[in-house]
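Visitor: Before anything else, here's the structure in question.
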Amino acid sequence: MTFTTRFAPSPTGPLHLGHAYSALLAQDMAAMAGGKFLLRIEDIDISRSRSEWEQQIYDDLRWLGLSWPEPVLRQSERLPRYRAALDQLTAIGLTYPCRCNRRDIEAAAGAPQEGVPQFGPDGRIYSGTCRSRPMTDAGPNDVIRLNMGKALAATPLRSFIETGKTYEGQHPLDPDQLRQAVGDIILVRRGMGSAYHLSVVVDDADQAISHVVRGEDLFEATQIHVLLQALLGLPTPTYHHHHLIRDDQGKRLAKRDDARAIAKYRAEGVTPQDIRAMVGLGHASPAPSSG
């Protein structure tokens, strides 16, 4: 299998130094292995995605010296593929519609219990209020959730290999952790046709991604992705979760941190090599294959 990495930004704001680090690292790793680097646009949230931000992603990445095969995969064009994956999970009885809003979920959670997590990698852990509803009852304002208990019983659990420094090693999935600290994740959000966890798993498989390179903030979500891969019969890539680029106060960068936006550095005359130095990367590796 060809060593293949990807960078998958959402066009909802400007790229910052953290994005630059992740994209450059993914390209460098592919180049060192004689592999491929791909770009993917995660734009299923049409209410927040903007064409001008997508264009700026292309401009910023090319300025940094990155290149990728065309055409670029755009999630907004792949909704039937995500629906097919959802139907596959529904056919074995693992999904249900949920009408609860954020306030309902908070109310159902009740008072925090000592030692019981309130939040997981998919947000507030869902109490299961709608778990008994059949998919035939699904309406346009419902989200679709995965019944975690049934999912864990439906497939042998896998492990995944992590090569990032903080979590390096082999990680078997822990069913108790998935039940208690993750819960019934959302597979399809209202008005979006999919949600992050389902889409990223399907896309990584369809693009034959061998090594997923992304920030440490997504490490806890990996257990969800590996479970979905097992349920859908998809391969599990190797994962590399890198450290996050932080501001002067130690907070991770977000898209609202315009002061660290790549476009702002470009306008100020900073060079791509300066950016590499800022994020702790050395000289550029030869560009990986784009074929």
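Within each chain, counting starts at residue 1; across the structure tokens, chains are named A, B, ... in the order shown, with ligands numbered 1 upward in that order.
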Produce a table with one row for each residue of segment 56-94 of chain A that has an atom at most 10 Å from any atom of segment 130-140 of chain A, each row naming the nearest atom pair and its distance in Å at one decimal; use only C-alpha atoms; arrange rows by chain and rising residue number; format as JSON lines.
Guide:
```
{"residue": "A:Thr90", "atom": "CA", "partner": "A:Met135", "partner_atom": "CA", "distance": 7.8}
{"residue": "A:Gly93", "atom": "CA", "partner": "A:Met135", "partner_atom": "CA", "distance": 8.9}
{"residue": "A:Leu94", "atom": "CA", "partner": "A:Met135", "partner_atom": "CA", "distance": 9.8}
```
Visitor: Enumerate as an NGL selection string all residues of segment 57-248 of chain A assigned to strand (DSSP E) by DSSP on the backbone, naming them with the chain letters and numbers the document uses.
Guide: :A and (73-74 or 95-98 or 119-120 or 123-124 or 143-146 or 159-162 or 169-172 or 186-188 or 211-215 or 238-242)
Visitor: May I ask which of the residues A:Leu146, A:Glu216, A:Gly183, A:Ala205 is the closest one to Gln88 of chain A, counting only C-alpha atoms?
Guide: A:Leu146
Visitor: Which is closer to Leu61 of chain A than all the others in A:Ile125, A:Ala181, A:Ile262, A:Ala153, using only C-alpha atoms?
Guide: A:Ile262
Visitor: Can you tell me, as JSON, numbers by chain, what residues are no more than 10 Å from Arg266 of chain A when counting only C-alpha atoms, ignoring any on the same chain fewer than 6 positions away?
Guide: {"A": [60, 63, 64, 272, 275]}
Visitor: Keeping only C-alpha atoms, write the selected residues to a file as a compact mmCIF listing (two decimals), in the first residue's frame.
Guide:
```
# COMPACT_ATOMS: atom_id res chain seq x y z
CA ASP A 60 -2.08 29.60 1.41
CA TRP A 63 2.37 29.58 -1.06
CA LEU A 64 3.73 27.24 1.61
CA PRO A 272 7.44 29.99 3.67
CA ILE A 275 6.78 29.67 8.65
```
Visitor: Just the residues within 10 Å of Tyr167 of chain A, please, counting only C-alpha atoms, with nothing from its chain fewer than 4 positions along; format it as JSON, numbers by chain.
Guide: {"A": [161, 162, 163, 171, 216, 219, 239, 240, 241, 242]}
Visitor: For the residues selected in the previous step, produce a file with all heavy atoms as a short mmCIF file (atom, residue, chain, number, x, y, z; two decimals), in the first residue's frame.
Guide:
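Saved to part10.cif:
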```cif
data_model
loop_
_atom_site.label_atom_id
_atom_site.label_comp_id
_atom_site.auth_asym_id
_atom_site.auth_seq_id
_atom_site.Cartn_x
_atom_site.Cartn_y
_atom_site.Cartn_z
N ILE A 161 -2.49 1.55 15.62
CA ILE A 161 -1.10 1.91 15.90
C ILE A 161 -0.95 3.41 15.83
O ILE A 161 -1.39 4.05 14.86
CB ILE A 161 -0.15 1.23 14.89
CG1 ILE A 161 -0.20 -0.29 15.07
CG2 ILE A 161 1.28 1.73 15.07
CD1 ILE A 161 0.56 -1.05 14.01
N GLU A 162 -0.35 3.99 16.86
CA GLU A 162 -0.08 5.42 16.96
C GLU A 162 1.42 5.65 16.91
O GLU A 162 2.18 5.00 17.63
CB GLU A 162 -0.66 5.96 18.27
CG GLU A 162 -0.22 7.37 18.65
CD GLU A 162 -0.74 8.43 17.70
OE1 GLU A 162 -1.89 8.30 17.23
OE2 GLU A 162 0.00 9.39 17.44
N THR A 163 1.85 6.56 16.04
CA THR A 163 3.29 6.85 15.92
C THR A 163 3.66 8.22 16.47
O THR A 163 4.85 8.56 16.53
CB THR A 163 3.75 6.76 14.45
OG1 THR A 163 3.04 7.72 13.66
CG2 THR A 163 3.50 5.36 13.89
N HIS A 171 -2.92 0.63 20.52
CA HIS A 171 -4.04 0.95 21.40
C HIS A 171 -5.25 0.08 21.06
O HIS A 171 -5.93 0.31 20.06
CB HIS A 171 -4.42 2.43 21.24
CG HIS A 171 -3.35 3.38 21.65
ND1 HIS A 171 -3.28 3.93 22.90
CD2 HIS A 171 -2.28 3.86 20.97
CE1 HIS A 171 -2.22 4.72 22.99
NE2 HIS A 171 -1.60 4.70 21.82
N GLU A 216 -3.14 16.43 18.31
CA GLU A 216 -3.41 15.60 19.47
C GLU A 216 -4.82 15.80 20.03
O GLU A 216 -5.33 14.93 20.74
CB GLU A 216 -2.39 15.90 20.58
CG GLU A 216 -1.00 15.38 20.29
CD GLU A 216 0.00 15.73 21.37
OE1 GLU A 216 -0.33 16.57 22.26
OE2 GLU A 216 1.11 15.18 21.35
N PHE A 219 -6.98 12.85 19.22
CA PHE A 219 -6.59 11.49 19.58
C PHE A 219 -7.76 10.71 20.17
O PHE A 219 -7.98 9.54 19.81
CB PHE A 219 -5.43 11.50 20.58
CG PHE A 219 -5.04 10.12 21.04
CD1 PHE A 219 -4.29 9.29 20.23
CD2 PHE A 219 -5.46 9.65 22.29
CE1 PHE A 219 -3.96 8.00 20.65
CE2 PHE A 219 -5.13 8.37 22.71
CZ PHE A 219 -4.37 7.54 21.89
N TYR A 239 -2.03 5.98 12.73
CA TYR A 239 -2.33 7.35 13.16
C TYR A 239 -1.08 8.01 13.73
O TYR A 239 -0.25 7.38 14.38
CB TYR A 239 -3.43 7.35 14.21
CG TYR A 239 -4.79 7.04 13.61
CD1 TYR A 239 -5.22 5.72 13.47
CD2 TYR A 239 -5.62 8.05 13.15
CE1 TYR A 239 -6.46 5.43 12.91
CE2 TYR A 239 -6.85 7.77 12.58
CZ TYR A 239 -7.27 6.46 12.47
OH TYR A 239 -8.48 6.17 11.89
N HIS A 240 -0.97 9.31 13.44
CA HIS A 240 0.12 10.13 13.98
C HIS A 240 -0.48 11.43 14.47
O HIS A 240 -0.82 12.31 13.67
CB HIS A 240 1.18 10.40 12.90
CG HIS A 240 2.37 11.16 13.42
ND1 HIS A 240 3.54 10.53 13.80
CD2 HIS A 240 2.56 12.49 13.63
CE1 HIS A 240 4.40 11.44 14.21
NE2 HIS A 240 3.83 12.64 14.12
N HIS A 241 -0.65 11.54 15.78
CA HIS A 241 -1.22 12.76 16.37
C HIS A 241 -0.07 13.62 16.89
O HIS A 241 0.67 13.23 17.79
CB HIS A 241 -2.18 12.40 17.50
CG HIS A 241 -3.43 11.74 17.02
ND1 HIS A 241 -3.54 10.37 16.82
CD2 HIS A 241 -4.63 12.27 16.65
CE1 HIS A 241 -4.75 10.08 16.38
NE2 HIS A 241 -5.43 11.23 16.26
N HIS A 242 0.07 14.79 16.28
CA HIS A 242 1.19 15.66 16.60
C HIS A 242 0.81 16.70 17.65
O HIS A 242 -0.37 16.94 17.93
CB HIS A 242 1.68 16.37 15.33
CG HIS A 242 0.63 17.17 14.62
ND1 HIS A 242 0.13 18.36 15.11
CD2 HIS A 242 -0.04 16.93 13.44
CE1 HIS A 242 -0.78 18.84 14.26
NE2 HIS A 242 -0.91 18.00 13.26
#
```
